[in-house]
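So this one's work_6.cif, mmCIF, C-alpha atoms and all ligand atoms:
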```
data_protein
#
loop_
_atom_site.label_atom_id
_atom_site.label_comp_id
_atom_site.auth_asym_id
_atom_site.auth_seq_id
_atom_site.Cartn_x
_atom_site.Cartn_y
_atom_site.Cartn_z
CA MET A 140 -82.68 -168.56 26.63
CA ARG A 141 -83.34 -166.46 23.57
CA THR A 142 -84.15 -162.80 22.97
CA GLN A 143 -83.96 -160.38 20.07
CA VAL A 144 -81.53 -157.88 21.64
CA GLY A 145 -79.09 -158.90 24.38
CA ILE A 146 -78.13 -155.78 26.35
CA VAL A 147 -74.99 -155.71 28.50
CA GLY A 148 -75.21 -153.12 31.30
CA ALA A 149 -78.12 -151.47 33.15
CA GLY A 150 -76.85 -147.88 33.11
CA PRO A 151 -78.91 -145.15 31.47
CA ALA A 152 -77.96 -146.45 27.97
CA GLY A 153 -78.93 -150.10 28.51
CA LEU A 154 -82.11 -149.39 30.48
CA LEU A 155 -83.41 -146.73 28.10
CA LEU A 156 -82.63 -148.92 25.07
CA SER A 157 -84.53 -151.81 26.62
CA HIS A 158 -87.53 -149.57 27.31
CA LEU A 159 -87.55 -147.88 23.87
CA LEU A 160 -87.31 -151.28 22.16
CA HIS A 161 -90.20 -152.57 24.28
CA LEU A 162 -92.32 -149.63 23.06
CA ARG A 163 -91.58 -150.79 19.48
CA GLY A 164 -92.48 -154.41 20.31
CA ILE A 165 -88.87 -155.62 20.34
CA ASP A 166 -87.80 -158.04 23.07
CA SER A 167 -84.59 -157.64 25.08
CA VAL A 168 -82.81 -158.98 28.16
CA VAL A 169 -80.50 -156.73 30.22
CA LEU A 170 -77.53 -158.30 32.04
CA GLU A 171 -76.04 -156.10 34.80
CA ALA A 172 -72.88 -156.90 36.76
CA ARG A 173 -73.92 -154.99 39.92
CA SER A 174 -76.93 -155.09 42.24
CA ARG A 175 -80.09 -153.05 41.74
CA HIS A 176 -79.33 -151.16 44.96
CA TYR A 177 -75.83 -150.29 43.73
CA ILE A 178 -76.88 -148.89 40.34
CA GLU A 179 -79.75 -146.93 41.90
CA GLN A 180 -77.48 -145.26 44.49
CA ARG A 181 -74.40 -144.51 42.34
CA VAL A 182 -74.11 -140.69 42.22
CA ARG A 183 -73.00 -139.30 38.87
CA ALA A 184 -74.49 -136.90 36.34
CA GLY A 185 -77.03 -134.19 37.02
CA VAL A 186 -77.61 -132.13 33.88
CA LEU A 187 -80.11 -133.30 31.26
CA GLU A 188 -80.25 -131.60 27.88
CA GLN A 189 -83.57 -130.51 26.45
CA GLY A 190 -83.44 -133.37 23.93
CA THR A 191 -82.82 -135.94 26.68
CA VAL A 192 -85.78 -134.58 28.64
CA ASP A 193 -87.92 -134.79 25.49
CA VAL A 194 -86.92 -138.43 24.85
CA LEU A 195 -87.73 -139.44 28.44
CA ASN A 196 -91.08 -137.62 28.35
CA GLU A 197 -92.07 -139.06 24.97
CA ALA A 198 -91.18 -142.55 26.22
CA GLY A 199 -93.54 -142.10 29.18
CA VAL A 200 -90.82 -142.20 31.86
CA GLY A 201 -90.69 -138.47 32.63
CA ASP A 202 -93.38 -138.07 35.33
CA ARG A 203 -91.07 -137.83 38.34
CA MET A 204 -88.48 -135.84 36.34
CA ARG A 205 -91.18 -133.27 35.48
CA ALA A 206 -92.31 -133.12 39.12
CA GLU A 207 -88.91 -133.10 40.85
CA GLY A 208 -86.38 -131.98 38.21
CA LEU A 209 -85.22 -128.37 38.28
CA PRO A 210 -85.40 -126.51 34.92
CA HIS A 211 -82.50 -124.05 34.58
CA HIS A 212 -82.30 -121.20 32.08
CA GLY A 213 -78.71 -120.14 32.63
CA ILE A 214 -75.38 -120.88 34.29
CA GLU A 215 -72.80 -118.61 35.89
CA LEU A 216 -69.14 -118.47 34.92
CA ARG A 217 -67.19 -117.02 37.88
CA TYR A 218 -63.59 -115.82 37.59
CA GLY A 219 -61.40 -112.81 38.29
CA GLY A 220 -63.62 -111.66 41.16
CA ALA A 221 -66.87 -111.45 39.16
CA GLY A 222 -69.77 -113.66 38.08
CA HIS A 223 -71.05 -113.69 34.48
CA ARG A 224 -74.41 -115.24 33.65
CA ILE A 225 -74.89 -117.11 30.36
CA PRO A 226 -78.62 -116.49 29.75
CA PHE A 227 -80.05 -119.43 27.79
CA GLU A 228 -83.48 -117.75 27.50
CA GLU A 229 -81.90 -114.92 25.46
CA LEU A 230 -79.23 -116.85 23.56
CA VAL A 231 -81.12 -120.07 22.75
CA PRO A 232 -84.79 -119.22 23.31
CA GLY A 233 -87.03 -122.14 24.19
CA ARG A 234 -84.17 -124.44 25.16
CA ALA A 235 -83.07 -125.15 28.73
CA ILE A 236 -81.52 -127.87 30.86
CA THR A 237 -83.06 -129.88 33.68
CA VAL A 238 -81.12 -130.73 36.82
CA TYR A 239 -82.19 -134.27 37.80
CA GLY A 240 -79.83 -136.91 39.17
CA GLN A 241 -78.71 -139.74 36.91
CA GLN A 242 -79.56 -142.27 39.61
CA GLU A 243 -83.14 -140.94 39.59
CA VAL A 244 -83.30 -141.55 35.83
CA VAL A 245 -81.97 -145.07 36.48
CA LYS A 246 -84.57 -145.68 39.24
CA ASP A 247 -87.40 -144.49 36.98
CA LEU A 248 -86.26 -146.74 34.11
CA VAL A 249 -85.73 -149.83 36.28
CA ALA A 250 -89.17 -149.39 37.87
CA ARG A 251 -90.81 -148.99 34.49
CA ARG A 252 -89.04 -151.98 32.89
CA LEU A 253 -89.97 -154.24 35.78
CA ALA A 254 -93.59 -152.96 35.81
CA ASP A 255 -93.79 -153.76 32.07
CA GLY A 256 -92.50 -157.30 32.67
CA GLY A 257 -89.03 -156.50 31.31
CA LYS A 258 -86.11 -158.80 32.08
CA ILE A 259 -83.18 -157.24 33.94
CA LEU A 260 -80.80 -159.73 35.56
CA PHE A 261 -78.76 -158.06 38.31
CA ASP A 262 -75.57 -159.33 39.99
CA VAL A 263 -74.27 -161.02 36.83
CA PRO A 264 -70.54 -160.19 36.93
CA ASP A 265 -69.25 -162.80 34.46
CA VAL A 266 -70.94 -161.88 31.15
CA ALA A 267 -68.99 -162.99 28.05
CA LEU A 268 -69.77 -162.14 24.42
CA HIS A 269 -69.43 -164.76 21.68
CA SER A 270 -69.68 -165.16 17.91
CA LEU A 271 -70.09 -161.46 17.21
CA GLU A 272 -69.80 -161.86 13.45
CA ARG A 273 -72.41 -164.60 12.95
CA ASP A 274 -74.97 -165.82 15.48
CA PRO A 275 -74.13 -163.85 18.59
CA TYR A 276 -74.76 -165.07 22.10
CA LEU A 277 -73.94 -164.15 25.67
CA THR A 278 -72.92 -166.48 28.48
CA PHE A 279 -73.15 -165.83 32.24
CA GLN A 280 -73.30 -168.02 35.34
CA GLY A 281 -73.57 -171.22 33.33
CA GLU A 282 -76.44 -169.84 31.17
CA ARG A 283 -76.53 -169.01 27.49
CA LEU A 284 -78.54 -166.15 25.95
CA ASP A 285 -78.92 -166.30 22.16
CA CYS A 286 -79.82 -163.06 20.39
CA ASP A 287 -79.96 -161.39 16.98
CA VAL A 288 -77.79 -158.50 18.10
CA ILE A 289 -75.89 -157.48 21.22
CA ALA A 290 -75.94 -153.93 22.56
CA GLY A 291 -72.78 -153.15 24.54
CA CYS A 292 -74.02 -150.58 27.08
CA ASP A 293 -71.64 -151.52 29.89
CA GLY A 294 -69.72 -148.27 30.32
CA PHE A 295 -66.06 -147.48 29.93
CA HIS A 296 -64.76 -150.42 32.00
CA GLY A 297 -67.21 -152.99 30.59
CA VAL A 298 -66.54 -156.22 28.73
CA SER A 299 -68.21 -155.40 25.39
CA ARG A 300 -65.62 -153.11 23.83
CA ARG A 301 -62.84 -155.42 25.04
CA SER A 302 -64.52 -158.36 23.23
CA ILE A 303 -63.87 -156.80 19.84
CA PRO A 304 -60.81 -158.40 18.21
CA GLU A 305 -57.61 -156.44 18.27
CA GLY A 306 -57.03 -154.24 15.23
CA VAL A 307 -60.72 -153.51 14.57
CA LEU A 308 -61.10 -150.36 16.65
CA THR A 309 -59.24 -147.11 16.35
CA VAL A 310 -58.96 -145.37 19.70
CA PHE A 311 -58.64 -141.61 20.20
CA GLN A 312 -57.75 -140.53 23.72
CA ARG A 313 -56.63 -137.62 25.89
CA ASP A 314 -55.97 -137.69 29.63
CA TYR A 315 -56.10 -134.54 31.75
CA PRO A 316 -53.69 -133.71 34.57
CA PHE A 317 -56.43 -133.56 37.22
CA ALA A 318 -59.45 -135.43 38.63
CA TRP A 319 -62.80 -134.32 40.10
CA LEU A 320 -63.71 -134.84 43.72
CA GLY A 321 -67.53 -134.77 43.98
CA ILE A 322 -69.73 -134.49 47.06
CA LEU A 323 -73.42 -134.39 47.86
CA ALA A 324 -74.29 -132.31 50.92
CA ARG A 325 -77.55 -131.98 52.83
CA ILE A 326 -77.82 -128.21 52.54
CA PRO A 327 -79.98 -125.96 50.34
CA PRO A 328 -78.02 -124.67 47.31
CA SER A 329 -76.28 -121.34 47.90
CA ALA A 330 -77.28 -120.15 44.40
CA LYS A 331 -80.28 -120.64 42.11
CA GLU A 332 -78.17 -121.69 39.10
CA LEU A 333 -74.98 -123.72 38.57
CA ILE A 334 -71.70 -121.88 39.17
CA TYR A 335 -68.61 -122.90 37.17
CA SER A 336 -65.76 -121.16 39.00
CA HIS A 337 -62.23 -120.74 37.68
CA THR A 338 -59.57 -119.72 40.23
CA GLU A 339 -55.81 -119.93 40.54
CA ARG A 340 -56.36 -122.69 43.14
CA GLY A 341 -58.27 -124.75 40.60
CA PHE A 342 -61.80 -125.21 39.29
CA ALA A 343 -64.93 -125.66 41.42
CA LEU A 344 -68.53 -126.35 40.43
CA HIS A 345 -71.59 -125.65 42.55
CA SER A 346 -74.56 -127.74 41.40
CA MET A 347 -77.59 -129.20 43.15
CA ARG A 348 -80.10 -132.02 43.21
CA SER A 349 -83.08 -130.41 44.98
CA GLU A 350 -84.06 -127.52 47.24
CA GLU A 351 -82.41 -129.46 50.10
CA ILE A 352 -79.39 -131.16 48.49
CA SER A 353 -76.33 -129.48 46.95
CA ARG A 354 -73.74 -131.12 44.68
CA PHE A 355 -70.16 -129.82 44.44
CA TYR A 356 -67.05 -130.71 42.48
CA LEU A 357 -63.42 -129.71 43.03
CA GLN A 358 -60.52 -130.02 40.61
CA VAL A 359 -57.89 -132.12 42.47
CA PRO A 360 -54.57 -133.73 41.46
CA PRO A 361 -55.02 -136.83 39.29
CA ASP A 362 -53.70 -139.17 41.99
CA ALA A 363 -55.70 -137.60 44.87
CA SER A 364 -57.40 -139.98 47.29
CA LEU A 365 -60.63 -139.39 49.20
CA ASP A 366 -58.63 -140.15 52.36
CA ASP A 367 -56.67 -136.92 51.79
CA TRP A 368 -59.89 -134.91 51.83
CA PRO A 369 -61.56 -134.75 55.25
CA ASP A 370 -64.75 -132.69 55.39
CA GLU A 371 -63.06 -129.54 56.72
CA ARG A 372 -60.57 -129.53 53.88
CA ILE A 373 -63.32 -129.95 51.28
CA TRP A 374 -65.36 -127.05 52.68
CA ALA A 375 -62.31 -124.79 53.06
CA GLU A 376 -61.36 -125.40 49.43
CA LEU A 377 -64.92 -124.91 48.18
CA ARG A 378 -65.10 -121.62 50.10
CA ALA A 379 -61.75 -120.49 48.69
CA ARG A 380 -62.84 -121.25 45.13
CA LEU A 381 -66.49 -120.13 45.28
CA GLU A 382 -66.53 -117.18 47.72
CA THR A 383 -64.68 -115.05 45.17
CA VAL A 384 -67.36 -112.46 44.42
CA PRO A 385 -68.68 -109.81 46.83
CA GLY A 386 -71.66 -110.91 48.89
CA PHE A 387 -71.53 -114.65 48.13
CA THR A 388 -71.42 -116.98 51.13
CA LEU A 389 -71.32 -120.75 50.80
CA ALA A 390 -73.73 -122.61 53.07
CA GLU A 391 -72.21 -125.78 54.57
CA GLY A 392 -73.94 -128.95 55.71
CA PRO A 393 -73.37 -132.65 56.31
CA ILE A 394 -71.63 -134.47 53.43
CA ILE A 395 -73.75 -137.51 52.50
CA SER A 396 -71.69 -138.97 49.67
CA ARG A 397 -68.30 -138.45 48.02
CA ASP A 398 -66.69 -139.73 44.83
CA MET A 399 -63.55 -139.30 42.72
CA SER A 400 -63.62 -139.30 38.89
CA ALA A 401 -60.74 -139.40 36.44
CA MET A 402 -60.91 -136.86 33.62
CA ARG A 403 -60.51 -138.37 30.20
CA SER A 404 -61.59 -137.95 26.60
CA PHE A 405 -61.93 -141.23 24.68
CA VAL A 406 -63.55 -142.44 21.45
CA ALA A 407 -63.43 -145.95 19.96
CA GLU A 408 -64.37 -146.15 16.28
CA PRO A 409 -66.40 -147.68 14.77
CA MET A 410 -69.17 -148.20 17.34
CA ARG A 411 -70.06 -151.52 15.73
CA HIS A 412 -68.41 -154.85 15.11
CA GLY A 413 -70.49 -157.51 13.36
CA ASN A 414 -73.66 -157.85 15.41
CA LEU A 415 -72.31 -155.94 18.43
CA TYR A 416 -73.33 -152.28 18.73
CA LEU A 417 -71.64 -150.10 21.37
CA ALA A 418 -73.61 -147.26 22.99
CA GLY A 419 -72.80 -144.63 25.62
CA ASP A 420 -69.66 -144.72 27.73
CA ALA A 421 -68.76 -148.16 26.32
CA ALA A 422 -67.77 -146.35 23.12
CA HIS A 423 -66.83 -142.84 24.24
CA ILE A 424 -66.28 -140.73 27.32
CA VAL A 425 -65.86 -137.02 27.84
CA PRO A 426 -64.55 -135.02 30.81
CA PRO A 427 -67.68 -134.03 32.80
CA THR A 428 -67.20 -130.25 32.53
CA GLY A 429 -69.64 -129.97 29.62
CA ALA A 430 -72.21 -132.34 31.23
CA LYS A 431 -72.46 -134.37 28.04
CA GLY A 432 -71.84 -138.09 28.81
CA LEU A 433 -75.32 -139.20 29.83
CA ASN A 434 -76.87 -137.06 27.12
CA LEU A 435 -74.69 -138.70 24.46
CA ALA A 436 -75.68 -142.14 25.74
CA VAL A 437 -79.35 -141.18 25.25
CA ALA A 438 -78.64 -139.88 21.72
CA ASP A 439 -76.90 -143.18 20.83
CA VAL A 440 -79.71 -145.45 22.00
CA ARG A 441 -82.28 -143.27 20.27
CA LEU A 442 -80.48 -143.94 16.96
CA LEU A 443 -79.99 -147.63 17.77
CA THR A 444 -83.71 -147.96 18.49
CA GLU A 445 -84.58 -146.43 15.10
CA ALA A 446 -82.12 -148.74 13.33
CA LEU A 447 -83.38 -151.88 15.08
CA THR A 448 -87.01 -150.87 14.47
CA GLU A 449 -86.32 -150.59 10.74
CA PHE A 450 -84.43 -153.89 10.77
CA TYR A 451 -87.27 -155.82 12.43
CA ALA A 452 -90.01 -154.09 10.42
CA THR A 453 -88.46 -154.40 6.93
CA GLY A 454 -85.35 -156.60 7.19
CA SER A 455 -83.23 -153.68 5.99
CA GLY A 456 -79.88 -153.17 7.69
CA ASP A 457 -79.33 -149.70 6.18
CA LEU A 458 -79.82 -147.77 9.42
CA LEU A 459 -77.80 -150.32 11.35
CA ASP A 460 -74.98 -149.84 8.84
CA ALA A 461 -75.26 -146.06 9.31
CA TYR A 462 -75.47 -146.27 13.13
CA SER A 463 -71.82 -145.73 13.99
CA GLY A 464 -71.28 -142.88 11.51
CA ASN A 465 -74.47 -141.12 12.59
CA CYS A 466 -73.58 -141.38 16.30
CA LEU A 467 -70.01 -140.24 15.79
CA LYS A 468 -71.02 -136.85 14.34
CA ARG A 469 -72.65 -135.91 17.64
CA VAL A 470 -69.97 -137.68 19.67
CA TRP A 471 -67.20 -135.59 18.14
CA ARG A 472 -69.16 -132.36 18.56
CA ALA A 473 -69.55 -133.23 22.26
CA GLN A 474 -65.89 -134.25 22.46
CA HIS A 475 -64.87 -130.84 21.21
CA PHE A 476 -67.28 -128.96 23.49
CA SER A 477 -66.23 -130.96 26.57
CA TRP A 478 -62.53 -130.40 25.85
CA TRP A 479 -63.28 -126.69 25.23
CA MET A 480 -65.15 -126.25 28.55
CA THR A 481 -62.46 -128.22 30.38
CA THR A 482 -59.59 -126.11 29.04
CA LEU A 483 -61.60 -122.90 29.54
CA LEU A 484 -62.27 -123.51 33.23
CA HIS A 485 -59.55 -125.67 34.82
CA THR A 486 -56.21 -124.50 36.13
CA PHE A 487 -53.30 -125.90 34.18
CA ASP A 488 -49.58 -125.55 34.63
CA ALA A 489 -48.73 -122.64 36.97
CA ASP A 490 -45.42 -122.31 35.13
CA ASP A 491 -47.09 -121.42 31.83
CA PRO A 492 -47.86 -117.67 32.04
CA TYR A 493 -48.63 -117.48 28.32
CA GLY A 494 -51.23 -120.25 28.65
CA ARG A 495 -52.83 -118.47 31.62
CA ARG A 496 -53.16 -115.20 29.71
CA LEU A 497 -54.75 -117.07 26.80
CA GLN A 498 -57.23 -118.67 29.20
CA THR A 499 -58.23 -115.28 30.65
CA ALA A 500 -58.64 -113.89 27.12
CA HIS A 501 -60.87 -116.85 26.29
CA LEU A 502 -63.01 -116.37 29.43
CA ASP A 503 -63.28 -112.62 28.72
CA TYR A 504 -64.44 -113.38 25.18
CA VAL A 505 -67.05 -115.97 26.17
CA THR A 506 -68.49 -113.62 28.82
CA SER A 507 -68.52 -110.46 26.70
CA SER A 508 -69.35 -111.54 23.14
CA GLU A 509 -72.89 -112.65 22.38
CA ALA A 510 -71.58 -114.86 19.56
CA ALA A 511 -69.15 -116.66 21.87
CA ALA A 512 -71.70 -117.00 24.68
CA THR A 513 -74.20 -118.42 22.17
CA THR A 514 -71.65 -121.07 21.17
CA LEU A 515 -71.46 -122.13 24.80
CA ALA A 516 -75.21 -121.97 25.34
CA GLU A 517 -76.29 -123.94 22.25
CA ASN A 518 -73.84 -126.73 22.98
CA TYR A 519 -74.63 -126.80 26.70
CA VAL A 520 -78.41 -127.11 26.26
CA GLY A 521 -77.73 -129.63 23.48
CA LEU A 522 -77.77 -129.38 19.71
CA PRO A 523 -80.81 -130.79 17.88
CA PHE A 524 -80.74 -134.55 17.21
CA ASP A 525 -80.46 -133.97 13.45
CA PHE A 526 -77.37 -131.80 13.94
CA GLY A 527 -74.80 -132.58 11.23
CA ALA A 528 -77.20 -134.86 9.30
P1 LIG A 601 -72.81 -146.44 32.75
O1 LIG A 601 -73.65 -145.46 33.49
O2 LIG A 601 -71.38 -146.57 33.14
O3 LIG A 601 -73.52 -147.85 32.87
C1 LIG A 601 -72.89 -149.06 32.52
C2 LIG A 601 -73.49 -150.19 33.32
O4 LIG A 601 -72.89 -151.41 32.90
C3 LIG A 601 -73.22 -150.06 34.81
O5 LIG A 601 -74.42 -150.26 35.53
C4 LIG A 601 -72.20 -151.14 35.09
O6 LIG A 601 -72.31 -151.66 36.40
C5 LIG A 601 -72.55 -152.16 34.04
N1 LIG A 601 -71.43 -153.05 33.68
C6 LIG A 601 -70.12 -152.76 33.61
N2 LIG A 601 -69.40 -153.83 33.24
C7 LIG A 601 -70.29 -154.82 33.06
C8 LIG A 601 -70.16 -156.18 32.68
N3 LIG A 601 -68.96 -156.72 32.42
N4 LIG A 601 -71.29 -156.95 32.60
C9 LIG A 601 -72.51 -156.41 32.87
N5 LIG A 601 -72.69 -155.12 33.25
C10 LIG A 601 -71.60 -154.34 33.34
N6 LIG A 601 -73.20 -136.80 31.91
C11 LIG A 601 -74.15 -135.88 31.61
O7 LIG A 601 -74.80 -136.02 30.56
N7 LIG A 601 -74.43 -134.81 32.40
C12 LIG A 601 -73.74 -134.59 33.55
O8 LIG A 601 -74.04 -133.65 34.29
C13 LIG A 601 -72.68 -135.49 33.89
N8 LIG A 601 -71.97 -135.33 35.00
C14 LIG A 601 -71.06 -136.28 35.37
C15 LIG A 601 -70.36 -136.12 36.54
C16 LIG A 601 -69.43 -137.08 36.93
C17 LIG A 601 -68.66 -136.87 38.19
C18 LIG A 601 -69.24 -138.24 36.13
C19 LIG A 601 -68.26 -139.30 36.57
C20 LIG A 601 -69.93 -138.42 34.97
C21 LIG A 601 -70.84 -137.44 34.56
N9 LIG A 601 -71.56 -137.59 33.39
C22 LIG A 601 -72.46 -136.64 33.03
C23 LIG A 601 -71.35 -138.76 32.55
C24 LIG A 601 -72.40 -139.86 32.78
O9 LIG A 601 -72.47 -140.21 34.14
C25 LIG A 601 -72.05 -141.09 31.92
O10 LIG A 601 -71.77 -140.68 30.62
C26 LIG A 601 -73.22 -142.10 31.90
O11 LIG A 601 -73.25 -142.81 33.10
C27 LIG A 601 -73.10 -143.08 30.72
O12 LIG A 601 -74.14 -144.04 30.79
P2 LIG A 601 -73.92 -145.51 30.25
O13 LIG A 601 -75.23 -146.20 30.45
O14 LIG A 601 -73.32 -145.47 28.92
O15 LIG A 601 -72.80 -146.13 31.19
C1 LIG A 602 -73.20 -131.79 37.32
C2 LIG A 602 -72.22 -132.52 36.73
C3 LIG A 602 -71.49 -131.96 35.69
O1 LIG A 602 -70.52 -132.66 35.09
C4 LIG A 602 -71.76 -130.67 35.25
O2 LIG A 602 -71.01 -130.15 34.25
C5 LIG A 602 -72.76 -129.95 35.85
C6 LIG A 602 -73.49 -130.52 36.90
C7 LIG A 602 -73.96 -132.40 38.44
O3 LIG A 602 -73.68 -133.54 38.80
O4 LIG A 602 -74.87 -131.75 38.98
#
```

Starting from the file, give its structure as structure tokens.
Amino acid sequence: MRTQVGIVGAGPAGLLLSHLLHLRGIDSVVLEARSRHYIEQRVRAGVLEQGTVDVLNEAGVGDRMRAEGLPHHGIELRYGGAGHRIPFEELVPGRAITVYGQQEVVKDLVARRLADGGKILFDVPDVALHSLERDPYLTFQGERLDCDVIAGCDGFHGVSRRSIPEGVLTVFQRDYPFAWLGILARIPPSAKELIYSHTERGFALHSMRSEEISRFYLQVPPDASLDDWPDERIWAELRARLETVPGFTLAEGPIISRDMSAMRSFVAEPMRHGNLYLAGDAAHIVPPTGAKGLNLAVADVRLLTEALTEFYATGSGDLLDAYSGNCLKRVWRAQHFSWWMTTLLHTFDADDPYGRRLQTAHLDYVTSSEAAATTLAENYVGLPFDFGA
């Protein structure tokens, strides 16, 4: 088998890349380790930046997102017994976020690729990458796929980054002393906008997916297991961390899905080796507090599409050569913002009173200074794609 671009992984990065390349007349094959059902049900991100929404709309895959997604013009920071709204419409006029589940984006992209005759091979767990520096090819289940370039879009635990010879990549990493327990519950949201709540018991986030489905996250110890968290304990903890302002009552309903995520910051540089280009979580991950991971994956594949379009149209590899450096400017901005939001909102060492006072001073500043709130708002809704160029 032969294609122009061999794509490993059918997450948001791999699927969107395949679709954007198709719109430019460039052929690709996507190899995905898991089943279609699995990738379409996996619950993860929910917040799309304005730029991500624009890319999906311009690529003609935004119909359901426009119909069912929830545009939000602010978030609440809750701490010390009070809520503080960060009003995007005042601080970053014309820019907003859309709450729309990652698995819905994945469903829309899979449906569109298949309708356009695109090739996505599911249930291919044994992909291997070969000859990255000359004529690259992929092998899987006794087959061989020759390609001009390989796009490694297979997430943090994928095979692509690990196929790069030792000594090529420089890795930057930070682990956090907590994890996130996430649930989806069949209950209308108890608030119109997202609530990021900081308490002495730990952080909690109230998000949503629709008028009927709420999404919640709890900061838990890094080694916590879902078995330790029966429904009653989850609701009691959510109440304790969210019912902290007068008049707010948390509505409870059946829990329909639960997940546990490690919290980590990670960047591997450069995002290219020979004819392998890494995109999305395969190259970098952020703690989810800033809601940046999926949005960064979209920004990467947008740049990779431009670079491959130039390469096929003119034979020039200039944009391909610039790919990693161009991506990394945005990646590091998002790394800093995600670390900043994480340290602002989570509860760290109880035995560090100085650190706790600093954290309160930081929260007070962000919620009382327009300059500080604007810093949060412009990063949260997403900086323009030409940021740092
Ligand atoms: P992935 O989604 O991980 O996709 C990789 C794909 O490759 C998967 O389908 C996987 O099965 C496949 N694969 C893996 N190994 C192989 C292999 N060897 N061969 C073939 N295929 C393989 N981001 C946001 O922007 N906003 C948010 O609100 C947000 N919230 C989050 C909340 C949580 C709890 C978590 C965990 C993450 C959140 N994120 C958020 C981050 C976001 O989910 C990820 O950044 C995003 O999934 C990255 O997309 P990707 O396509 O790069 O990787
Ligand atoms: C969601 C996830 C996030 O990481 C975040 O910061 C906000 C919302 C969500 O899944 O809805």

> What does the distance from CA of Arg224 in chain A to CA of Ser477 in chain A come to in Å, to one decimal?
Replying inline: 19.1 Å

>> Please find the residues contacting ligand LIG 602 (chain A) at a distance of at most 6 Å between atoms, with all atoms listed in the file counted, and report them as a ChimeraX atom specification.
In response: /A:183-186,346-347,354,427-430

Could you list, with a cut-off of 7 Å and counting only C-alpha atoms and all ligand atoms, the residues of chain A near ligand LIG 601 (chain A), each shown with its nearest atom pair and the distance in Å rounded to one decimal, rows sorted by chain and ascending number, as a Markdown table?
```
| residue | atom | partner | partner_atom | distance |
| --- | --- | --- | --- | --- |
| A:Val147 | CA | A:LIG601 | C9 | 5.1 |
| A:Gly148 | CA | A:LIG601 | O4 | 3.3 |
| A:Ala149 | CA | A:LIG601 | O5 | 4.6 |
| A:Gly150 | CA | A:LIG601 | O3 | 3.3 |
| A:Pro151 | CA | A:LIG601 | O13 | 4.0 |
| A:Ala152 | CA | A:LIG601 | O13 | 3.7 |
| A:Gly153 | CA | A:LIG601 | O13 | 5.7 |
| A:Leu170 | CA | A:LIG601 | C9 | 5.4 |
| A:Glu171 | CA | A:LIG601 | N5 | 3.8 |
| A:Ala172 | CA | A:LIG601 | C9 | 3.9 |
| A:Arg173 | CA | A:LIG601 | O6 | 5.1 |
| A:Ile178 | CA | A:LIG601 | O5 | 5.6 |
| A:Arg183 | CA | A:LIG601 | C16 | 4.6 |
| A:Ala184 | CA | A:LIG601 | N8 | 3.3 |
| A:Gly185 | CA | A:LIG601 | O8 | 4.1 |
| A:Val186 | CA | A:LIG601 | O8 | 3.9 |
| A:Leu187 | CA | A:LIG601 | N7 | 6.0 |
| A:Gln241 | CA | A:LIG601 | O9 | 6.8 |
| A:Val263 | CA | A:LIG601 | C9 | 6.3 |
| A:Pro264 | CA | A:LIG601 | N4 | 5.5 |
| A:Asp265 | CA | A:LIG601 | N3 | 6.4 |
| A:Val266 | CA | A:LIG601 | N4 | 5.2 |
| A:Cys292 | CA | A:LIG601 | O14 | 5.5 |
| A:Asp293 | CA | A:LIG601 | O4 | 3.3 |
| A:Gly294 | CA | A:LIG601 | O2 | 3.7 |
| A:Phe295 | CA | A:LIG601 | O2 | 6.3 |
| A:His296 | CA | A:LIG601 | N2 | 5.9 |
| A:Gly297 | CA | A:LIG601 | N2 | 3.5 |
| A:Val298 | CA | A:LIG601 | N3 | 4.4 |
| A:Trp319 | CA | A:LIG601 | C17 | 6.7 |
| A:Gly321 | CA | A:LIG601 | C17 | 6.3 |
| A:Ser400 | CA | A:LIG601 | C19 | 5.2 |
| A:Ala418 | CA | A:LIG601 | O14 | 6.2 |
| A:Gly419 | CA | A:LIG601 | O14 | 3.4 |
| A:Asp420 | CA | A:LIG601 | O14 | 3.9 |
| A:Ala421 | CA | A:LIG601 | O14 | 5.9 |
| A:Ile424 | CA | A:LIG601 | O10 | 6.4 |
| A:Pro427 | CA | A:LIG601 | C14 | 4.8 |
| A:Ala430 | CA | A:LIG601 | N7 | 3.5 |
| A:Lys431 | CA | A:LIG601 | O7 | 3.8 |
| A:Gly432 | CA | A:LIG601 | O10 | 3.2 |
| A:Leu433 | CA | A:LIG601 | O7 | 3.3 |
| A:Asn434 | CA | A:LIG601 | O7 | 4.1 |
| A:Leu435 | CA | A:LIG601 | O7 | 6.7 |
| A:Ala436 | CA | A:LIG601 | O14 | 5.2 |
```

>> Here's a test: counting all atoms listed in the file, identify every protein, DNA and RNA residue with an atom at most 12 Å from (-84.8, -151.4, 14.5) in the file's coordinate frame, and state them as a PyMOL selection string.
In response: chain A and resi 143-144+156+159-166+287-288+440-460+462

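For the pair CA of Pro232 in chain A and CA of Val505 in chain A, the interatomic distance is 18.3 Å.
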
> Which residues, written as a PyMOL selection string, have at least one atom at most 10 Å from range 307-310 of chain A, with only C-alpha atoms counted and residues fewer than 6 positions away on the same chain left out?
Replying inline: chain A and resi 300-301+405-412+422-423

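Proximity of A:Val520, A:Ile225, A:Leu277, A:Ala489 to Glu339 in chain A, computed with only C-alpha atoms, is greatest for A:Ala489.
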